[in-house]
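File shown: final.txt (compact mmCIF, N, CA and C atoms).
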# COMPACT_ATOMS: atom_id res chain seq x y z
N MET T 20 69.39 59.84 -22.37
CA MET T 20 69.42 59.30 -23.72
C MET T 20 68.13 58.52 -23.97
N ILE T 21 67.56 58.77 -25.13
CA ILE T 21 66.31 58.12 -25.48
C ILE T 21 66.63 56.82 -26.23
N PRO T 22 66.08 55.69 -25.77
CA PRO T 22 66.34 54.43 -26.45
C PRO T 22 65.82 54.46 -27.89
N PRO T 23 66.49 53.78 -28.82
CA PRO T 23 66.06 53.78 -30.22
C PRO T 23 64.63 53.29 -30.43
N VAL T 24 64.18 52.36 -29.61
CA VAL T 24 62.82 51.85 -29.78
C VAL T 24 61.80 52.96 -29.56
N ILE T 25 62.11 53.91 -28.70
CA ILE T 25 61.21 55.04 -28.45
C ILE T 25 61.42 56.14 -29.49
N SER T 26 62.66 56.47 -29.79
CA SER T 26 62.92 57.57 -30.74
C SER T 26 62.49 57.22 -32.16
N ASN T 27 62.26 55.95 -32.44
CA ASN T 27 61.80 55.54 -33.77
C ASN T 27 60.29 55.59 -33.93
N LEU T 28 59.56 55.94 -32.87
CA LEU T 28 58.12 56.10 -32.99
C LEU T 28 57.81 57.30 -33.88
N ASP T 29 56.76 57.18 -34.68
CA ASP T 29 56.44 58.22 -35.65
C ASP T 29 56.24 59.60 -35.03
N ILE T 30 55.59 59.67 -33.88
CA ILE T 30 55.33 60.98 -33.27
C ILE T 30 56.65 61.69 -32.94
N PHE T 31 57.63 60.95 -32.47
CA PHE T 31 58.92 61.55 -32.15
C PHE T 31 59.67 61.96 -33.41
N LYS T 32 59.55 61.17 -34.45
CA LYS T 32 60.20 61.53 -35.72
C LYS T 32 59.59 62.80 -36.29
N ILE T 33 58.28 62.90 -36.25
CA ILE T 33 57.60 64.06 -36.84
C ILE T 33 57.94 65.34 -36.07
N TYR T 34 57.86 65.30 -34.75
CA TYR T 34 58.13 66.51 -33.98
C TYR T 34 59.61 66.86 -33.93
N SER T 35 60.45 65.87 -34.06
CA SER T 35 61.89 66.14 -34.19
C SER T 35 62.16 66.84 -35.52
N ALA T 36 61.53 66.35 -36.58
CA ALA T 36 61.67 66.99 -37.90
C ALA T 36 61.09 68.39 -37.89
N MET T 37 59.98 68.59 -37.17
CA MET T 37 59.38 69.92 -37.09
C MET T 37 60.31 70.90 -36.38
N ALA T 38 60.98 70.45 -35.33
CA ALA T 38 61.93 71.30 -34.63
C ALA T 38 63.11 71.65 -35.54
N ARG T 39 63.61 70.67 -36.29
CA ARG T 39 64.71 70.94 -37.24
C ARG T 39 64.26 71.89 -38.34
N HIS T 40 63.03 71.71 -38.83
CA HIS T 40 62.49 72.58 -39.89
C HIS T 40 62.38 74.02 -39.39
N SER T 41 61.89 74.20 -38.17
CA SER T 41 61.75 75.55 -37.65
C SER T 41 63.11 76.21 -37.41
N ALA T 42 64.08 75.42 -36.99
CA ALA T 42 65.44 75.97 -36.82
C ALA T 42 66.01 76.40 -38.17
N GLU T 43 65.78 75.60 -39.19
CA GLU T 43 66.26 75.96 -40.54
C GLU T 43 65.50 77.18 -41.07
N SER T 44 64.20 77.26 -40.78
CA SER T 44 63.42 78.44 -41.19
C SER T 44 63.97 79.71 -40.54
N GLN T 45 64.32 79.59 -39.28
CA GLN T 45 64.91 80.72 -38.55
C GLN T 45 66.24 81.13 -39.18
N ARG T 46 67.06 80.15 -39.55
CA ARG T 46 68.35 80.43 -40.16
C ARG T 46 68.18 81.13 -41.51
N VAL T 47 67.24 80.65 -42.32
CA VAL T 47 66.99 81.26 -43.63
C VAL T 47 66.51 82.70 -43.48
N ALA T 48 65.56 82.92 -42.55
CA ALA T 48 65.05 84.28 -42.33
C ALA T 48 66.16 85.20 -41.83
N ALA T 49 66.98 84.72 -40.93
CA ALA T 49 68.08 85.54 -40.40
C ALA T 49 69.08 85.89 -41.49
N THR T 50 69.38 84.94 -42.35
CA THR T 50 70.30 85.20 -43.47
C THR T 50 69.71 86.25 -44.41
N ASN T 51 68.42 86.11 -44.71
CA ASN T 51 67.77 87.09 -45.58
C ASN T 51 67.81 88.49 -44.97
N ILE T 52 67.51 88.60 -43.68
CA ILE T 52 67.54 89.91 -43.02
C ILE T 52 68.95 90.49 -43.02
N ALA T 53 69.94 89.65 -42.77
CA ALA T 53 71.32 90.12 -42.73
C ALA T 53 71.78 90.64 -44.10
N ARG T 54 71.20 90.12 -45.16
CA ARG T 54 71.63 90.51 -46.50
C ARG T 54 70.62 91.43 -47.19
N ALA T 55 69.75 92.07 -46.41
CA ALA T 55 68.69 92.91 -46.95
C ALA T 55 69.20 94.12 -47.72
N ASP T 56 70.39 94.61 -47.43
CA ASP T 56 70.94 95.78 -48.13
C ASP T 56 71.88 95.42 -49.28
N GLU T 57 72.06 94.15 -49.52
CA GLU T 57 73.00 93.71 -50.55
C GLU T 57 72.34 93.78 -51.94
N PRO T 58 72.87 94.61 -52.83
CA PRO T 58 72.28 94.73 -54.16
C PRO T 58 72.27 93.40 -54.90
N GLY T 59 71.12 93.10 -55.50
CA GLY T 59 71.00 91.89 -56.31
C GLY T 59 70.77 90.60 -55.52
N TYR T 60 70.74 90.67 -54.19
CA TYR T 60 70.54 89.44 -53.39
C TYR T 60 69.12 88.94 -53.56
N LYS T 61 68.99 87.67 -53.83
CA LYS T 61 67.69 87.02 -53.95
C LYS T 61 67.39 86.31 -52.62
N ALA T 62 66.33 86.73 -51.97
CA ALA T 62 65.93 86.12 -50.71
C ALA T 62 65.60 84.64 -50.94
N SER T 63 65.89 83.84 -49.92
CA SER T 63 65.58 82.41 -49.98
C SER T 63 64.34 82.13 -49.15
N GLU T 64 63.68 81.05 -49.50
CA GLU T 64 62.51 80.61 -48.75
C GLU T 64 62.58 79.10 -48.62
N ILE T 65 62.27 78.59 -47.43
CA ILE T 65 62.30 77.15 -47.19
C ILE T 65 60.94 76.56 -47.54
N GLU T 66 60.96 75.31 -47.99
CA GLU T 66 59.70 74.62 -48.28
C GLU T 66 58.88 74.51 -47.00
N SER T 67 57.57 74.42 -47.16
CA SER T 67 56.71 74.29 -45.98
C SER T 67 56.95 72.93 -45.33
N PHE T 68 56.60 72.83 -44.07
CA PHE T 68 56.78 71.57 -43.37
C PHE T 68 55.91 70.49 -44.00
N GLN T 69 54.71 70.87 -44.42
CA GLN T 69 53.81 69.91 -45.08
C GLN T 69 54.44 69.39 -46.37
N ASP T 70 55.03 70.28 -47.17
CA ASP T 70 55.70 69.85 -48.40
C ASP T 70 56.87 68.91 -48.09
N TYR T 71 57.61 69.23 -47.03
CA TYR T 71 58.72 68.38 -46.62
C TYR T 71 58.23 66.98 -46.25
N LEU T 72 57.16 66.92 -45.45
CA LEU T 72 56.62 65.61 -45.05
C LEU T 72 56.13 64.82 -46.25
N THR T 73 55.44 65.49 -47.16
CA THR T 73 54.95 64.82 -48.37
C THR T 73 56.11 64.28 -49.20
N ARG T 74 57.13 65.11 -49.38
CA ARG T 74 58.28 64.70 -50.20
C ARG T 74 59.06 63.56 -49.55
N THR T 75 59.29 63.65 -48.25
CA THR T 75 60.09 62.62 -47.60
C THR T 75 59.32 61.32 -47.43
N SER T 76 58.01 61.40 -47.22
CA SER T 76 57.25 60.16 -47.08
C SER T 76 57.18 59.43 -48.41
N SER T 77 57.07 60.17 -49.52
CA SER T 77 57.04 59.50 -50.82
C SER T 77 58.42 58.97 -51.20
N SER T 78 59.48 59.67 -50.82
CA SER T 78 60.83 59.19 -51.15
C SER T 78 61.19 57.98 -50.29
N GLN T 79 60.71 57.93 -49.05
CA GLN T 79 60.96 56.77 -48.19
C GLN T 79 60.21 55.56 -48.71
N ALA T 80 59.01 55.79 -49.25
CA ALA T 80 58.24 54.68 -49.81
C ALA T 80 58.94 54.09 -51.02
N MET T 81 59.72 54.92 -51.71
CA MET T 81 60.45 54.45 -52.89
C MET T 81 61.84 53.95 -52.51
N GLY T 82 62.17 53.94 -51.21
CA GLY T 82 63.47 53.45 -50.77
C GLY T 82 64.58 54.48 -50.84
N MET T 83 64.23 55.74 -51.04
CA MET T 83 65.24 56.80 -51.13
C MET T 83 65.26 57.54 -49.80
N GLU T 84 66.41 58.11 -49.49
CA GLU T 84 66.55 58.89 -48.25
C GLU T 84 66.69 60.36 -48.63
N SER T 85 65.80 61.19 -48.11
CA SER T 85 65.82 62.61 -48.44
C SER T 85 65.48 63.40 -47.19
N ARG T 86 66.49 63.80 -46.43
CA ARG T 86 66.24 64.44 -45.14
C ARG T 86 66.39 65.96 -45.17
N GLY T 87 67.09 66.51 -46.12
CA GLY T 87 67.34 67.94 -46.12
C GLY T 87 66.11 68.74 -46.51
N PHE T 88 66.08 69.98 -46.04
CA PHE T 88 64.99 70.89 -46.39
C PHE T 88 65.39 71.65 -47.64
N ARG T 89 64.47 71.75 -48.56
CA ARG T 89 64.73 72.46 -49.81
C ARG T 89 64.43 73.94 -49.64
N THR T 90 65.24 74.74 -50.29
CA THR T 90 65.00 76.19 -50.33
C THR T 90 64.97 76.61 -51.79
N HIS T 91 64.33 77.74 -52.01
CA HIS T 91 64.31 78.31 -53.35
C HIS T 91 64.39 79.83 -53.24
N ASP T 92 64.87 80.45 -54.28
CA ASP T 92 65.00 81.91 -54.30
C ASP T 92 63.64 82.55 -54.58
N ILE T 93 63.43 83.71 -53.98
CA ILE T 93 62.22 84.50 -54.22
C ILE T 93 62.56 85.51 -55.31
N GLU T 94 61.86 85.43 -56.40
CA GLU T 94 62.15 86.30 -57.54
C GLU T 94 61.25 87.54 -57.58
N ASP T 95 60.09 87.47 -56.95
CA ASP T 95 59.11 88.57 -57.02
C ASP T 95 59.45 89.70 -56.06
N GLY T 96 59.00 90.89 -56.41
CA GLY T 96 59.09 92.03 -55.52
C GLY T 96 60.47 92.62 -55.33
N ALA T 97 61.28 92.60 -56.35
CA ALA T 97 62.63 93.14 -56.23
C ALA T 97 62.59 94.66 -56.08
N SER T 98 63.46 95.17 -55.23
CA SER T 98 63.61 96.61 -55.08
C SER T 98 64.42 97.13 -56.27
N PRO T 99 64.58 98.44 -56.39
CA PRO T 99 65.35 98.98 -57.52
C PRO T 99 66.78 98.43 -57.63
N ASN T 100 67.37 98.02 -56.50
CA ASN T 100 68.74 97.49 -56.56
C ASN T 100 68.76 95.97 -56.82
N GLY T 101 67.55 95.38 -57.05
CA GLY T 101 67.47 93.97 -57.39
C GLY T 101 67.35 93.03 -56.21
N ASN T 102 67.32 93.57 -54.99
CA ASN T 102 67.20 92.76 -53.78
C ASN T 102 65.73 92.39 -53.57
N THR T 103 65.47 91.13 -53.22
CA THR T 103 64.08 90.67 -53.05
C THR T 103 63.69 90.44 -51.59
N VAL T 104 64.49 90.91 -50.64
CA VAL T 104 64.18 90.71 -49.22
C VAL T 104 63.09 91.69 -48.79
N ASP T 105 62.04 91.17 -48.18
CA ASP T 105 60.99 91.97 -47.54
C ASP T 105 61.20 91.80 -46.04
N ILE T 106 61.78 92.79 -45.40
CA ILE T 106 62.17 92.67 -44.00
C ILE T 106 60.98 92.34 -43.10
N GLU T 107 59.84 92.99 -43.31
CA GLU T 107 58.67 92.71 -42.49
C GLU T 107 58.25 91.25 -42.61
N GLN T 108 58.25 90.74 -43.83
CA GLN T 108 57.88 89.34 -44.06
C GLN T 108 58.89 88.39 -43.40
N GLU T 109 60.16 88.73 -43.46
CA GLU T 109 61.20 87.88 -42.86
C GLU T 109 61.10 87.87 -41.33
N VAL T 110 60.78 89.02 -40.74
CA VAL T 110 60.60 89.08 -39.28
C VAL T 110 59.40 88.21 -38.89
N PHE T 111 58.32 88.27 -39.66
CA PHE T 111 57.16 87.43 -39.40
C PHE T 111 57.53 85.95 -39.51
N LYS T 112 58.29 85.57 -40.53
CA LYS T 112 58.71 84.17 -40.71
C LYS T 112 59.58 83.71 -39.53
N ALA T 113 60.46 84.59 -39.07
CA ALA T 113 61.32 84.24 -37.94
C ALA T 113 60.50 84.03 -36.67
N ALA T 114 59.53 84.91 -36.43
CA ALA T 114 58.67 84.77 -35.25
C ALA T 114 57.82 83.51 -35.35
N ASP T 115 57.32 83.20 -36.53
CA ASP T 115 56.54 81.98 -36.74
C ASP T 115 57.39 80.74 -36.49
N ALA T 116 58.65 80.79 -36.90
CA ALA T 116 59.56 79.66 -36.68
C ALA T 116 59.80 79.43 -35.20
N VAL T 117 59.89 80.50 -34.42
CA VAL T 117 60.07 80.37 -32.97
C VAL T 117 58.86 79.65 -32.36
N GLY T 118 57.67 80.06 -32.75
CA GLY T 118 56.45 79.42 -32.24
C GLY T 118 56.36 77.96 -32.64
N GLN T 119 56.72 77.67 -33.89
CA GLN T 119 56.70 76.29 -34.37
C GLN T 119 57.71 75.43 -33.60
N HIS T 120 58.87 75.99 -33.33
CA HIS T 120 59.90 75.25 -32.59
C HIS T 120 59.44 74.97 -31.16
N GLU T 121 58.89 75.97 -30.51
CA GLU T 121 58.40 75.79 -29.14
C GLU T 121 57.32 74.72 -29.08
N MET T 122 56.40 74.73 -30.06
CA MET T 122 55.34 73.74 -30.09
C MET T 122 55.92 72.33 -30.29
N ALA T 123 56.85 72.19 -31.22
CA ALA T 123 57.44 70.89 -31.51
C ALA T 123 58.17 70.33 -30.29
N VAL T 124 58.95 71.16 -29.63
CA VAL T 124 59.70 70.71 -28.45
C VAL T 124 58.75 70.37 -27.30
N THR T 125 57.70 71.16 -27.13
CA THR T 125 56.74 70.90 -26.06
C THR T 125 56.01 69.58 -26.29
N VAL T 126 55.51 69.36 -27.49
CA VAL T 126 54.80 68.11 -27.78
C VAL T 126 55.75 66.92 -27.66
N TYR T 127 56.96 67.07 -28.15
CA TYR T 127 57.96 66.00 -28.06
C TYR T 127 58.21 65.64 -26.59
N THR T 128 58.46 66.66 -25.77
CA THR T 128 58.76 66.46 -24.35
C THR T 128 57.56 65.86 -23.61
N LYS T 129 56.38 66.39 -23.85
CA LYS T 129 55.18 65.88 -23.17
C LYS T 129 54.88 64.45 -23.61
N SER T 130 55.08 64.13 -24.86
CA SER T 130 54.87 62.76 -25.34
C SER T 130 55.86 61.80 -24.69
N LEU T 131 57.08 62.24 -24.55
CA LEU T 131 58.10 61.43 -23.89
C LEU T 131 57.76 61.23 -22.42
N ASP T 132 57.31 62.29 -21.75
CA ASP T 132 56.90 62.18 -20.35
C ASP T 132 55.73 61.21 -20.20
N LEU T 133 54.76 61.30 -21.11
CA LEU T 133 53.60 60.41 -21.07
C LEU T 133 54.02 58.96 -21.27
N LEU T 134 54.91 58.73 -22.20
CA LEU T 134 55.38 57.38 -22.45
C LEU T 134 56.16 56.84 -21.25
N ARG T 135 56.98 57.69 -20.65
CA ARG T 135 57.71 57.27 -19.45
C ARG T 135 56.75 56.92 -18.31
N SER T 136 55.71 57.72 -18.14
CA SER T 136 54.71 57.44 -17.11
C SER T 136 53.99 56.12 -17.39
N ALA T 137 53.70 55.87 -18.65
CA ALA T 137 53.00 54.64 -19.02
C ALA T 137 53.82 53.39 -18.74
N ILE T 138 55.13 53.48 -18.89
CA ILE T 138 55.96 52.30 -18.64
C ILE T 138 56.50 52.28 -17.21
N GLY T 139 56.15 53.30 -16.42
CA GLY T 139 56.45 53.29 -15.00
C GLY T 139 57.80 53.84 -14.61
N LYS T 140 58.45 54.63 -15.46
CA LYS T 140 59.72 55.24 -15.10
C LYS T 140 59.47 56.63 -14.55
N LYS T 141 60.18 56.95 -13.47
CA LYS T 141 60.06 58.29 -12.89
C LYS T 141 60.83 59.28 -13.74
N MET T 142 60.33 60.51 -13.76
CA MET T 142 60.95 61.55 -14.58
C MET T 142 62.05 62.24 -13.86
Hey, can you dump this file as structure tokens for me?
Amino acid sequence: MIPPVISNLDIFKIYSAMARHSAESQRVAATNIARADEPGYKASEIESFQDYLTRTSSSQAMGMESRGFRTHDIEDGASPNGNTVDIEQEVFKAADAVGQHEMAVTVYTKSLDLLRSAIGKKM
């Protein structure tokens, strides 16, 4: 268990949020792929991590709490049946989310290990 004094450090908050964002990106891409044959389905897209950080940092400055990731429907590029899923693009987004998640978890873990070493705790 990570003590609150450590988990409240900005680096841990950012990389924890990045891991959650990539997991949500993976979920959105998987849902889009699963519904690729559904007539009239509008593919969803999650806001970028940068947009999320900008939005949440400004809402926190105003005293508001906004932790969820926003999604929006993709209206462009509909097939004849009205479906807007581009399977190749969704597979790319899913693969990108995996890489983003691995990076976030690695940096989080290495930062925690470094902090533990600095305060003299064995891993």
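Between CA of Ile52 in chain T and atom C of Thr73 in chain T there is a distance of 28.7 Å.
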Inset, instruction - Choose the residue, out of T:Thr125, T:Asp115, T:Glu109, T:Asp70, that has the smallest atom-to-atom separation from Ala49 in chain T; count only N, CA and C atoms. - result: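 Under the stated criterion, the closest residue is T:Glu109.
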Legend entry - Point-to-point distance from CA of Thr90 in chain T to CA of Ile106 in chain T, Å rounded to tenths: 17.9 Å
Inset, instruction - Would you mind listing what lies within 6.5 Å of His120 in chain T as number ranges by chain, with all atoms listed in the file counted and same-chain residues fewer than 3 positions away left out? - result: T: 37-38, 41-42, 115-117, 123-125
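Nearest-residue note for Thr103 in chain T: choosing from T:Arg74, T:Arg54, T:Lys129, T:Arg135, the minimum distance belongs to T:Arg54, counting only C-alpha atoms.
Between CA of Ala55 in chain T and CA of Ala114 in chain T the separation is 17.4 Å.
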Legend entry - Near-Ala48 in chain T list (6.5 Å; only N, CA and C atoms; drop same-chain fewer than 4 positions) as a PyMOL selection string: chain T and resi 43-44+52-53+109+112-113
Inset, instruction - Enumerate, as a ChimeraX atom specification, the complete set of residues in range 22-124 of chain T that a backbone-based DSSP assignment places in helix (DSSP H, G or I). - result: /T:23-26,29-53,68-80,106-124
Find the residues of range 38-141 of chain T that sit at most 8 Å from range 28-31 of chain T; for each, write down the nearest two atoms and how far apart they are in Å, to one decimal. Count all atoms listed in the file. Sort by chain, then by number going up, and give it as a tab-separated table.
residue	atom	partner	partner_atom	distance
T:Val126	C	T:Ile30	C	7.5
T:Tyr127	CA	T:Phe31	CA	6.1
T:Ser130	CA	T:Phe31	N	7.9
T:Leu131	N	T:Phe31	CA	7.8
Legend entry - Backbone-only DSSP, strand (DSSP E) members of chain T, as a list in words: Ser63, Glu64, Ile65, Thr90, His91 and Asp92 of chain T
